[in-house]
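Below is run25.txt, which holds compact mmCIF, C-alpha atoms and all ligand atoms.
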# COMPACT_ATOMS: atom_id res chain seq x y z
CA MET A 42 -10.28 12.62 -12.80
CA ILE A 43 -8.36 9.67 -14.26
CA HIS A 44 -10.59 7.17 -15.98
CA ILE A 45 -8.97 3.97 -17.23
CA LYS A 46 -11.39 2.04 -19.36
CA ASP A 47 -11.08 -1.47 -20.70
CA LEU A 48 -7.27 -1.15 -20.95
CA ARG A 49 -5.39 -4.04 -22.54
CA LYS A 50 -1.71 -4.44 -23.35
CA THR A 51 0.10 -7.41 -24.84
CA TYR A 52 3.78 -8.02 -25.55
CA LYS A 53 5.18 -10.19 -28.32
CA THR A 54 7.56 -12.74 -26.83
CA PRO A 55 9.44 -15.63 -28.42
CA LYS A 56 6.82 -17.92 -26.87
CA GLY A 57 3.94 -15.94 -28.37
CA ILE A 58 1.67 -13.10 -27.29
CA PHE A 59 1.80 -12.28 -23.56
CA GLU A 60 -1.09 -10.41 -21.96
CA ALA A 61 0.61 -8.06 -19.45
CA ILE A 62 -2.66 -6.17 -18.89
CA LYS A 63 -5.71 -8.31 -19.53
CA LYS A 64 -8.37 -5.71 -18.78
CA ILE A 65 -8.21 -2.81 -16.38
CA ASP A 66 -11.04 -0.48 -15.46
CA LEU A 67 -10.37 2.15 -12.81
CA LYS A 68 -11.69 5.53 -11.77
CA ILE A 69 -9.38 7.72 -9.69
CA GLU A 70 -11.02 10.76 -8.13
CA GLN A 71 -9.69 14.33 -8.02
CA GLY A 72 -7.57 14.99 -4.93
CA GLU A 73 -7.30 11.44 -3.65
CA ILE A 74 -4.19 9.39 -2.91
CA PHE A 75 -4.82 6.22 -4.84
CA GLY A 76 -2.67 3.11 -4.42
CA ILE A 77 -2.09 0.50 -7.11
CA ILE A 78 -0.54 -2.52 -5.48
CA GLY A 79 0.35 -5.97 -6.68
CA PRO A 80 3.02 -8.64 -6.49
CA SER A 81 5.92 -8.82 -8.93
CA GLY A 82 4.75 -9.38 -12.49
CA ALA A 83 1.20 -8.17 -11.77
CA GLY A 84 1.49 -5.52 -14.47
CA LYS A 85 2.19 -2.40 -12.39
CA SER A 86 5.06 -1.07 -14.51
CA THR A 87 3.14 -1.74 -17.70
CA LEU A 88 0.18 0.18 -16.31
CA VAL A 89 2.44 3.11 -15.28
CA GLN A 90 3.92 3.24 -18.76
CA CYS A 91 0.47 3.30 -20.29
CA ILE A 92 -0.67 6.08 -17.92
CA ASN A 93 2.43 8.22 -18.53
CA LEU A 94 2.06 7.61 -22.24
CA LEU A 95 5.35 5.80 -22.79
CA GLU A 96 3.59 2.60 -23.88
CA LYS A 97 0.68 2.45 -26.24
CA PRO A 98 -2.09 0.17 -25.01
CA ASP A 99 -3.54 -2.35 -27.51
CA SER A 100 -7.02 -1.12 -26.74
CA GLY A 101 -9.02 0.83 -24.19
CA SER A 102 -8.67 4.43 -23.10
CA ILE A 103 -7.15 6.65 -20.43
CA THR A 104 -8.89 9.94 -19.78
CA LEU A 105 -7.38 12.71 -17.66
CA ASN A 106 -9.81 15.45 -16.62
CA GLY A 107 -11.98 14.75 -19.62
CA GLN A 108 -9.10 14.65 -22.13
CA VAL A 109 -8.59 11.27 -23.77
CA LEU A 110 -4.83 10.58 -23.66
CA THR A 111 -4.80 7.42 -25.70
CA GLY A 112 -4.60 7.91 -29.43
CA LEU A 113 -2.88 11.33 -29.43
CA SER A 114 -0.17 12.40 -31.88
CA GLU A 115 3.48 12.62 -30.70
CA ILE A 116 3.29 16.46 -30.39
CA GLU A 117 0.04 16.32 -28.44
CA LEU A 118 1.51 13.58 -26.25
CA ARG A 119 4.47 15.75 -25.32
CA ALA A 120 2.16 18.49 -24.08
CA GLN A 121 -0.06 16.05 -22.21
CA ARG A 122 2.90 14.38 -20.48
CA ARG A 123 3.49 17.63 -18.59
CA ARG A 124 0.16 17.10 -16.87
CA ILE A 125 1.58 14.00 -15.18
CA GLY A 126 4.50 14.45 -12.76
CA MET A 127 6.57 11.30 -12.33
CA VAL A 128 8.51 10.20 -9.25
CA PHE A 129 10.79 7.18 -9.70
CA GLN A 130 12.36 4.56 -7.44
CA SER A 131 15.82 5.45 -8.76
CA PHE A 132 15.20 9.23 -8.36
CA ASN A 133 16.45 9.92 -11.94
CA ILE A 134 18.14 13.18 -10.98
CA LEU A 135 21.13 14.57 -12.86
CA SER A 136 24.45 14.28 -11.04
CA ARG A 137 26.00 17.31 -12.76
CA ARG A 138 23.23 19.66 -11.75
CA THR A 139 22.68 21.16 -8.31
CA VAL A 140 19.49 20.50 -6.37
CA PHE A 141 18.16 23.88 -7.59
CA ASN A 142 19.04 23.19 -11.23
CA ASN A 143 17.53 19.70 -11.15
CA VAL A 144 14.20 21.14 -10.02
CA ALA A 145 14.52 23.96 -12.57
CA LEU A 146 15.12 21.59 -15.51
CA PRO A 147 11.51 20.88 -16.56
CA LEU A 148 10.76 24.61 -16.35
CA GLU A 149 13.76 25.42 -18.56
CA ILE A 150 12.59 22.82 -21.10
CA ALA A 151 9.10 24.36 -21.01
CA GLY A 152 10.69 27.75 -21.84
CA VAL A 153 9.71 29.48 -18.60
CA LYS A 154 11.40 32.87 -17.91
CA LYS A 155 14.45 32.86 -15.60
CA GLU A 156 12.94 35.00 -12.83
CA VAL A 157 9.77 32.91 -12.82
CA ILE A 158 11.91 29.76 -12.60
CA LYS A 159 13.78 31.20 -9.60
CA SER A 160 10.66 31.94 -7.60
CA ARG A 161 8.94 28.69 -8.59
CA VAL A 162 11.99 26.55 -7.67
CA ASP A 163 12.42 28.41 -4.35
CA GLU A 164 8.78 27.74 -3.57
CA LEU A 165 9.14 24.03 -4.47
CA LEU A 166 12.34 23.57 -2.44
CA ASN A 167 10.56 25.15 0.50
CA LEU A 168 7.63 22.76 0.03
CA VAL A 169 9.90 19.69 0.14
CA GLY A 170 12.12 21.08 2.93
CA LEU A 171 15.31 21.46 0.88
CA SER A 172 15.82 25.23 0.68
CA HIS A 173 19.06 24.93 2.71
CA LEU A 174 20.53 22.40 0.24
CA SER A 175 19.74 24.15 -3.05
CA ASP A 176 23.42 24.48 -4.07
CA ARG A 177 24.40 20.90 -3.27
CA TYR A 178 25.01 18.24 -5.91
CA PRO A 179 23.21 14.85 -5.78
CA ALA A 180 26.38 13.12 -4.54
CA GLN A 181 26.30 15.40 -1.48
CA ILE A 182 22.77 14.56 -0.31
CA SER A 183 21.05 11.47 1.13
CA GLY A 184 18.65 9.08 -0.66
CA GLY A 185 15.65 10.62 1.07
CA GLN A 186 16.81 14.12 0.06
CA LYS A 187 17.31 12.93 -3.54
CA GLN A 188 13.73 11.72 -3.56
CA ARG A 189 12.61 15.13 -2.25
CA VAL A 190 14.40 16.66 -5.26
CA GLY A 191 12.57 14.15 -7.47
CA ILE A 192 9.22 15.14 -5.96
CA ALA A 193 9.93 18.88 -6.32
CA ARG A 194 10.97 18.37 -9.96
CA ALA A 195 7.83 16.32 -10.65
CA LEU A 196 5.70 19.19 -9.33
CA ALA A 197 7.58 21.92 -11.23
CA CYS A 198 5.19 22.21 -14.17
CA GLN A 199 2.13 22.08 -11.91
CA PRO A 200 0.84 18.73 -13.12
CA ASP A 201 -2.69 17.49 -12.53
CA VAL A 202 -1.42 14.18 -11.19
CA LEU A 203 1.67 12.98 -9.35
CA LEU A 204 2.45 9.43 -10.42
CA SER A 205 4.81 7.74 -7.99
CA ASP A 206 6.39 4.54 -9.29
CA GLU A 207 7.82 2.63 -6.30
CA ALA A 208 9.17 5.97 -5.02
CA THR A 209 10.02 4.62 -1.57
CA SER A 210 11.15 1.09 -2.52
CA ALA A 211 14.85 1.96 -2.32
CA LEU A 212 14.58 3.80 1.00
CA ASP A 213 14.90 2.58 4.59
CA PRO A 214 11.71 2.45 6.71
CA GLU A 215 12.30 5.77 8.49
CA THR A 216 13.07 7.67 5.29
CA THR A 217 10.10 5.96 3.63
CA ALA A 218 7.82 7.22 6.40
CA ASN A 219 9.23 10.77 5.99
CA ILE A 220 8.70 10.75 2.21
CA LEU A 221 5.15 9.40 2.64
CA ASP A 222 4.43 12.16 5.20
CA LEU A 223 5.74 14.69 2.69
CA LEU A 224 3.50 13.33 -0.09
CA ARG A 225 0.46 13.42 2.17
CA ASP A 226 1.36 16.97 3.18
CA ILE A 227 1.66 18.03 -0.47
CA ASN A 228 -1.66 16.36 -1.25
CA ARG A 229 -3.35 18.29 1.59
CA LYS A 230 -1.73 21.62 0.78
CA THR A 231 -2.15 21.55 -3.01
CA GLY A 232 -5.04 19.12 -3.51
CA ILE A 233 -3.05 17.29 -6.18
CA THR A 234 -4.18 13.76 -7.06
CA ILE A 235 -1.47 11.22 -6.24
CA VAL A 236 -1.25 7.73 -7.73
CA MET A 237 1.10 5.45 -5.79
CA ILE A 238 2.31 2.36 -7.63
CA THR A 239 3.84 0.03 -5.08
CA HIS A 240 4.41 -3.53 -3.99
CA GLN A 241 4.52 -2.42 -0.34
CA MET A 242 1.31 -2.68 1.68
CA GLU A 243 3.06 -0.39 4.22
CA VAL A 244 2.82 2.44 1.69
CA VAL A 245 -0.87 1.84 1.12
CA LYS A 246 -1.48 1.58 4.85
CA GLN A 247 0.26 4.87 5.58
CA ILE A 248 -1.16 7.20 3.00
CA CYS A 249 -3.59 5.82 0.44
CA ASP A 250 -7.28 6.74 0.63
CA ARG A 251 -8.22 3.95 -1.78
CA VAL A 252 -6.37 1.08 -3.35
CA ALA A 253 -6.65 -1.25 -6.33
CA VAL A 254 -5.04 -4.67 -6.09
CA LEU A 255 -3.51 -5.96 -9.31
CA SER A 256 -2.81 -9.60 -10.06
CA HIS A 257 -1.90 -11.19 -13.40
CA GLY A 258 -2.78 -8.06 -15.36
CA ALA A 259 -6.22 -7.48 -13.84
CA VAL A 260 -7.72 -5.56 -10.92
CA VAL A 261 -8.86 -8.20 -8.44
CA GLU A 262 -10.07 -5.84 -5.76
CA VAL A 263 -10.60 -2.11 -5.30
CA GLY A 264 -11.84 -0.11 -2.33
CA ALA A 265 -11.15 2.19 0.59
CA THR A 266 -7.88 1.28 2.32
CA ALA A 267 -9.65 0.63 5.63
CA ASP A 268 -12.13 -1.75 3.95
CA ILE A 269 -9.40 -3.61 2.09
CA PHE A 270 -7.46 -4.14 5.33
CA ALA A 271 -10.59 -4.94 7.33
CA ASN A 272 -12.10 -7.37 4.89
CA PRO A 273 -9.78 -8.49 2.10
CA GLN A 274 -11.67 -10.59 -0.43
CA HIS A 275 -9.08 -11.94 -2.84
CA ASP A 276 -6.29 -14.40 -1.94
CA VAL A 277 -3.61 -11.99 -3.24
CA THR A 278 -5.02 -9.17 -1.07
CA ARG A 279 -5.32 -11.44 1.97
CA ALA A 280 -1.69 -12.51 1.63
CA MET A 281 -0.53 -8.89 1.33
CA VAL A 282 -2.65 -7.67 4.26
CA SER A 283 -1.50 -10.57 6.40
CA ALA A 284 2.16 -9.88 5.61
CA ALA A 285 1.70 -6.19 6.48
CA THR A 286 0.03 -6.88 9.81
CA GLU A 287 2.13 -9.87 10.77
CA SER A 288 2.63 -10.76 14.39
CA THR A 289 3.64 -14.27 15.30
CA LEU A 290 4.57 -15.98 18.52
CA SER A 291 8.22 -16.92 18.54
CA GLU A 292 8.92 -20.64 19.03
CA ASP A 293 10.39 -19.91 22.46
CA SER A 294 7.36 -17.99 23.70
CA GLN A 295 5.06 -20.63 22.26
CA GLU A 296 6.89 -23.36 24.20
CA ILE A 297 6.66 -21.41 27.45
CA LEU A 298 2.97 -20.66 26.91
CA VAL A 299 2.14 -24.30 26.13
CA GLU A 300 3.97 -25.41 29.30
CA ARG A 301 1.93 -22.91 31.31
CA LEU A 302 -1.25 -24.15 29.62
CA LYS A 303 -0.46 -27.77 30.64
CA LYS A 304 0.25 -26.69 34.21
CA TRP A 305 -3.01 -24.75 34.40
CA VAL A 306 -5.03 -27.77 33.21
CA GLN A 307 -3.31 -30.03 35.77
CA GLU A 308 -4.12 -27.60 38.57
CA ASN A 309 -7.74 -27.10 37.50
CA PRO A 310 -9.46 -30.49 37.25
CA GLY A 311 -12.31 -30.79 34.75
CA GLN A 312 -11.19 -27.70 32.81
CA ASP A 313 -9.66 -27.51 29.34
CA ALA A 314 -7.52 -24.68 28.02
CA ALA A 315 -6.40 -23.52 24.61
CA ILE A 316 -4.32 -20.83 22.93
CA TRP A 317 -6.05 -19.11 20.06
CA GLU A 318 -4.70 -16.83 17.39
CA LEU A 319 -7.41 -14.31 16.55
CA HIS A 320 -7.32 -12.36 13.30
CA LEU A 321 -8.70 -8.99 13.99
CA HIS A 322 -10.27 -7.19 11.09
CA ASP A 323 -12.55 -4.66 12.68
CA SER A 324 -13.81 -3.23 15.92
CA ARG A 325 -16.40 -5.98 16.34
CA VAL A 326 -13.80 -8.07 18.06
CA SER A 327 -13.53 -5.73 21.01
CA ASP A 328 -17.32 -5.71 21.39
CA GLY A 329 -17.52 -9.46 20.81
CA LEU A 330 -14.65 -10.52 22.96
CA PHE A 331 -13.43 -8.27 25.65
CA ALA A 332 -16.67 -6.49 26.45
CA GLY A 333 -17.61 -9.65 28.31
CA LYS A 334 -19.29 -11.77 25.64
CA ALA A 335 -16.80 -14.59 26.23
CA ASN A 336 -18.20 -14.86 29.75
CA ASP A 337 -21.61 -15.59 28.25
CA TYR A 338 -20.21 -18.87 26.98
CA GLY A 339 -18.67 -19.82 30.32
CA VAL A 340 -15.05 -19.38 29.26
CA ARG A 341 -12.34 -17.06 30.51
CA LEU A 342 -10.07 -15.30 28.09
CA SER A 343 -6.74 -13.77 28.91
CA LEU A 344 -4.64 -11.79 26.51
CA LEU A 345 -1.15 -13.18 25.78
CA GLN A 346 0.10 -11.00 22.95
CA ALA A 347 -1.37 -8.45 20.59
CA LYS A 348 -0.31 -6.36 17.64
CA VAL A 349 -3.19 -4.21 16.58
CA GLU A 350 -2.95 -1.15 14.39
CA ASP A 351 -5.42 1.54 13.59
CA ILE A 352 -5.70 1.77 9.82
CA LYS A 353 -7.96 4.66 8.87
CA GLY A 354 -10.12 4.04 11.94
CA VAL A 355 -10.25 0.25 11.67
CA ALA A 356 -8.47 -2.07 14.12
CA VAL A 357 -6.38 -4.59 12.18
CA GLY A 358 -4.01 -7.15 13.59
CA LYS A 359 -3.57 -10.37 15.50
CA LEU A 360 -4.23 -11.33 19.10
CA TYR A 361 -3.08 -14.39 21.00
CA VAL A 362 -5.34 -15.35 23.88
CA GLN A 363 -5.55 -18.16 26.39
CA VAL A 364 -9.06 -19.54 26.77
CA GLN A 365 -10.15 -21.66 29.72
CA GLY A 366 -13.36 -23.57 30.50
CA SER A 367 -15.09 -26.89 29.95
CA ALA A 368 -14.48 -28.58 26.58
CA GLN A 369 -18.07 -27.81 25.53
CA ALA A 370 -17.82 -24.16 26.65
CA ILE A 371 -14.61 -23.64 24.67
CA LEU A 372 -16.21 -25.16 21.58
CA ASN A 373 -19.36 -23.04 21.99
CA ALA A 374 -17.31 -19.88 22.45
CA GLN A 375 -15.19 -20.65 19.40
CA GLN A 376 -18.25 -21.20 17.21
CA ALA A 377 -20.07 -18.16 18.52
CA LEU A 378 -17.10 -15.87 18.11
CA SER A 379 -16.46 -16.99 14.55
CA ASN A 380 -20.11 -17.13 13.49
CA GLU A 381 -21.64 -14.21 15.36
CA ALA A 382 -18.73 -11.85 15.90
CA GLY A 383 -16.97 -12.72 12.62
CA VAL A 384 -13.66 -13.34 14.34
CA GLN A 385 -11.23 -15.64 12.51
CA ILE A 386 -9.81 -18.10 15.05
CA GLN A 387 -6.87 -20.45 14.67
CA GLU A 388 -6.00 -22.92 17.42
CA VAL A 389 -2.33 -22.78 18.39
CA ALA A 390 -2.50 -25.30 21.27
CA TYR A 391 -5.13 -27.29 23.19
CA GLU A 392 -4.82 -29.04 26.54
CA SER A 393 -7.60 -31.33 27.62
CA ALA A 394 -8.48 -32.28 31.21
CA ASN A 395 -8.72 -35.87 29.96
CA GLY A 396 -5.10 -35.81 28.77
N1 LIG A 401 8.61 -5.60 -22.92
C1 LIG A 401 8.10 -6.75 -22.48
N2 LIG A 401 8.08 -7.85 -23.25
C2 LIG A 401 7.54 -9.00 -22.82
N3 LIG A 401 6.97 -9.16 -21.62
C3 LIG A 401 6.97 -8.12 -20.79
C4 LIG A 401 7.53 -6.85 -21.17
N4 LIG A 401 7.38 -5.99 -20.15
C5 LIG A 401 6.76 -6.69 -19.15
N5 LIG A 401 6.50 -7.95 -19.54
C6 LIG A 401 5.83 -9.00 -18.75
O1 LIG A 401 4.58 -8.50 -18.36
C7 LIG A 401 4.27 -8.89 -16.99
C8 LIG A 401 4.00 -7.67 -16.16
O2 LIG A 401 5.22 -6.97 -16.02
P1 LIG A 401 5.34 -5.62 -15.20
O3 LIG A 401 6.76 -5.21 -15.23
O4 LIG A 401 4.32 -4.66 -15.69
O5 LIG A 401 4.93 -6.14 -13.74
P2 LIG A 401 5.16 -5.42 -12.33
O6 LIG A 401 3.91 -5.64 -11.54
O7 LIG A 401 5.61 -4.03 -12.53
O8 LIG A 401 6.33 -6.29 -11.73
P3 LIG A 401 7.57 -5.78 -10.81
O9 LIG A 401 6.97 -5.40 -9.49
O10 LIG A 401 8.42 -7.02 -10.71
O11 LIG A 401 8.23 -4.66 -11.52
C9 LIG A 401 5.47 -9.71 -16.51
O12 LIG A 401 5.16 -11.07 -16.61
C10 LIG A 401 6.57 -9.32 -17.46
O13 LIG A 401 7.47 -10.39 -17.65
Entire entry expressed as structure tokens:
Amino acid sequence: MIHIKDLRKTYKTPKGIFEAIKKIDLKIEQGEIFGIIGPSGAGKSTLVQCINLLEKPDSGSITLNGQVLTGLSEIELRAQRRRIGMVFQSFNILSRRTVFNNVALPLEIAGVKKEVIKSRVDELLNLVGLSHLSDRYPAQISGGQKQRVGIARALACQPDVLLSDEATSALDPETTANILDLLRDINRKTGITIVMITHQMEVVKQICDRVAVLSHGAVVEVGATADIFANPQHDVTRAMVSAATESTLSEDSQEILVERLKKWVQENPGQDAAIWELHLHDSRVSDGLFAGKANDYGVRLSLLQAKVEDIKGVAVGKLYVQVQGSAQAILNAQQALSNEAGVQIQEVAYESANG
């Protein structure tokens, strides 16, 4: 659908040539919601500008449904731009036009007949849930509603792709979730391909089928969202996944738990006890841990705290457990769980019977 091949883009700076995009190769399939994520400065905006034809790459190509977009004349570019609907972080809607007239604008520019515009805009406002606000001005609607106008306007000319550039970054979490639900709904109803450029792993987690992780102008990892969350390979991805699935023990709870751990060891001579933080990346942990395997190693596990989410069918999160048994049994269990069950274990506290 979209094929980005060997894309490179440099900028001239007073310090010399800066490689904003070193080399990007990506294939985005028809009908999918594809996320492009990366930290600040990774090259996301540069990539968006190359895809929407506002920046000319130094080399490489971008093909949309078989049509090579790079290397077109200005007139050809103008026509091709209509095939890509853009949604922006700052909404970019016109304050002097009503909701209806904002959505109608691209159709007016394209020279579409008035009655066709009316029915098309009505249909779009219905799709984004804004029919009742069609006569309002931007100052009279909320941020989330403004973004709905932006989405309806982006879809007006029936583009092949919806390119969302940080569309939810300025919105609160609840409104973000509503806008993401709307985008997923539009994707299901119309089959349109959606490319989500974002620095928020939350966005990827909620709606993207696949994701590419960008760092320093290159794709460092690409795959199905569930796989990326379950088994992140690159440091940048790991940091982003970890931040998005964060669950930590507060200092207060940690103190209380450590006190309890000490007490337990005093009351149970010859036994050690520890608190482990387990990083859960797939369902193996439930088989490997709570289905009784821990018993095989002569330790007892009890759950202290857990934050586990289902991301496209994969359990991702963190568990805190208390583990009790002989020093050797705890060590054996730790090694077996990390080696055989692939569970990442970090020791938060350890109390030994020997003091
Ligand atoms: N016109 C320009 N001239 C020189 N350098 C630029 C220009 N535009 C971007 N850059 C540099 O290219 C790199 C990538 O920038 P870009 O804006 O594409 O990153 P980004 O991932 O979108 O970051 P952010 O999330 O902060 O917007 C940055 O180091 C930036 O300073």
> ligand LIG 401 (chain A): which residues are within 6 Å, counting all atoms listed in the file, as a list in words?
Replying inline: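 Sorted by chain and then by number, the residues are Tyr52, Thr54, Ala61, Pro80, Ser81, Gly82, Ala83, Gly84, Lys85, Ser86 and Thr87 of chain A.
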Save out the residues we just selected, C-alpha atoms, as a PDB file, keeping the file's coordinate frame.
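Listing of part.pdb after writing:
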ATOM      1  CA  TYR A  52       3.780  -8.020 -25.550  1.00  0.00           C
ATOM      2  CA  THR A  54       7.560 -12.740 -26.830  1.00  0.00           C
ATOM      3  CA  ALA A  61       0.610  -8.060 -19.450  1.00  0.00           C
ATOM      4  CA  PRO A  80       3.020  -8.640  -6.490  1.00  0.00           C
ATOM      5  CA  SER A  81       5.920  -8.820  -8.930  1.00  0.00           C
ATOM      6  CA  GLY A  82       4.750  -9.380 -12.490  1.00  0.00           C
ATOM      7  CA  ALA A  83       1.200  -8.170 -11.770  1.00  0.00           C
ATOM      8  CA  GLY A  84       1.490  -5.520 -14.470  1.00  0.00           C
ATOM      9  CA  LYS A  85       2.190  -2.400 -12.390  1.00  0.00           C
ATOM     10  CA  SER A  86       5.060  -1.070 -14.510  1.00  0.00           C
ATOM     11  CA  THR A  87       3.140  -1.740 -17.700  1.00  0.00           C
TER      12      THR A  87
END
>> As an exercise, work out the distance from atom CA of Val355 of chain A to atom CA of Ala267 of chain A in Å and give it to one decimal place.
In response: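 According to the coordinates, atom CA of Val355 of chain A and atom CA of Ala267 of chain A are separated by 6.1 Å.
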>> To one decimal place in Å, what is the distance between atom CA of Ala390 of chain A and atom CA of Val299 of chain A?
In response: 6.8 Å
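Near (-3.2, 7.3, -5.2), the residues inside the 6 Å limit, counting all atoms listed in the file, come to Ile74, Phe75, Gly76, Ile235, Val236, Met237 and Cys249 of chain A.
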> Which polymer residues have any atom within 12 Å of an atom of Cys198 of chain A, counting only C-alpha atoms, with same-chain residues fewer than 5 positions away left out, as a list of chain:residue names?
Replying inline: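 In the requested form, the answer reads A:Ala120, A:Gln121, A:Arg122, A:Arg123, A:Arg124, A:Ile125, A:Gly126, A:Met127, A:Val144, A:Ala145, A:Leu146, A:Pro147, A:Leu148, A:Glu149, A:Ile150, A:Ala151, A:Gly152, A:Val153, A:Val157, A:Ile158, A:Arg161, A:Val162, A:Leu165, A:Ile192, A:Ala193, A:Leu203.
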Ser393 of chain A: which residues within 10 Å, counting only C-alpha atoms, same-chain residues fewer than 2 positions away excluded, as a PDB file with C-alpha atoms, in the coordinates of the input?
ATOM      1  CA  LEU A 302      -1.250 -24.150  29.620  1.00  0.00           C
ATOM      2  CA  LYS A 303      -0.460 -27.770  30.640  1.00  0.00           C
ATOM      3  CA  VAL A 306      -5.030 -27.770  33.210  1.00  0.00           C
ATOM      4  CA  GLN A 307      -3.310 -30.030  35.770  1.00  0.00           C
ATOM      5  CA  PRO A 310      -9.460 -30.490  37.250  1.00  0.00           C
ATOM      6  CA  GLY A 311     -12.310 -30.790  34.750  1.00  0.00           C
ATOM      7  CA  GLN A 312     -11.190 -27.700  32.810  1.00  0.00           C
ATOM      8  CA  ASP A 313      -9.660 -27.510  29.340  1.00  0.00           C
ATOM      9  CA  ALA A 314      -7.520 -24.680  28.020  1.00  0.00           C
ATOM     10  CA  ALA A 315      -6.400 -23.520  24.610  1.00  0.00           C
ATOM     11  CA  SER A 367     -15.090 -26.890  29.950  1.00  0.00           C
ATOM     12  CA  ALA A 368     -14.480 -28.580  26.580  1.00  0.00           C
ATOM     13  CA  TYR A 391      -5.130 -27.290  23.190  1.00  0.00           C
ATOM     14  CA  ASN A 395      -8.720 -35.870  29.960  1.00  0.00           C
ATOM     15  CA  GLY A 396      -5.100 -35.810  28.770  1.00  0.00           C
TER      16      GLY A 396
END
> Any idea what the distance is between atom CA of Ala335 of chain A and atom CA of Gln365 of chain A?
Replying inline: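 Spanning atom CA of Ala335 of chain A to atom CA of Gln365 of chain A is a straight-line distance of 10.3 Å.
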Would you place a box with edges along x, y and z of the file around all atoms of segment 252-269 of chain A listed there, add 8 Å to each of its six sides, and report the centre and edge lengths in Å to one decimal, as JSON?
{"center_x": -7.0, "center_y": -4.5, "center_z": -4.9, "size_x": 26.2, "size_y": 29.4, "size_z": 37.0}
>> Neighbouring residues of Gln108 of chain A were defined as those with any atom within 10 Å, considering only C-alpha atoms; residues of the same chain fewer than 5 positions away were excluded. Please report them as an MDAnalysis selection string.
In response: chainID A and resid 42:44 103 121
Written file, previous selection with C-alpha atoms, as a CSV table (one decimal), in the coordinates of the input:
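Below you can see selection-v2.csv, which holds the result:
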chain,number,residue,atom,x,y,z
A,42,MET,CA,-10.3,12.6,-12.8
A,43,ILE,CA,-8.4,9.7,-14.3
A,44,HIS,CA,-10.6,7.2,-16.0
A,103,ILE,CA,-7.2,6.6,-20.4
A,121,GLN,CA,-0.1,16.0,-22.2
> Between A:Glu117, A:Asp222, A:Glu318, A:Asp47, which has the minimum distance to Val169 of chain A (counting all atoms listed in the file)?
Replying inline: A:Asp222
> Pick the closest to Ser210 of chain A from A:Val128, A:Ile134, A:Asp176, A:Ser256: which is it, counting all atoms listed in the file?
Replying inline: A:Val128
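Of the residues listed (A:Val340, A:Val254, A:Leu345, A:Ile62), A:Val340 shows the shortest atom-to-atom separation from Val364 of chain A; distances use all atoms listed in the file.
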> Got a sec: who's within 10 Å of segment 268-284 of chain A, counting all atoms listed in the file, leaving out chain neighbours fewer than 5 positions off, as a ChimeraX atom specification?
Replying inline: /A:78-80,240-243,245-246,251-256,261-263,320-324,352-353,355-359
>> Taking all atoms listed in the file into account, name the residue in A:Ile182, A:Ser160, A:Lys46, A:Ile65 that is nearest to Thr104 of chain A.
In response: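 Result for the nearest residue to Thr104 of chain A: A:Lys46.
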> Gly170 of chain A: which residues within 10 Å, counting all atoms listed in the file, same-chain residues fewer than 4 positions away excluded, as an NGL selection string?
Replying inline: :A and (164-166 or 174 or 186 or 189-190 or 193 or 223)
> Quick one: of A:Ala197, A:Gly184, A:Asn228, A:Glu388, who's nearest to Glu215 of chain A, counting all atoms listed in the file?
Replying inline: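 Using all atoms listed in the file, Glu215 of chain A sits closest to A:Gly184.
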> Closest to Gly264 of chain A among A:Ile77, A:Arg49, A:Asp293, A:Pro55, using only C-alpha atoms?
Replying inline: A:Ile77
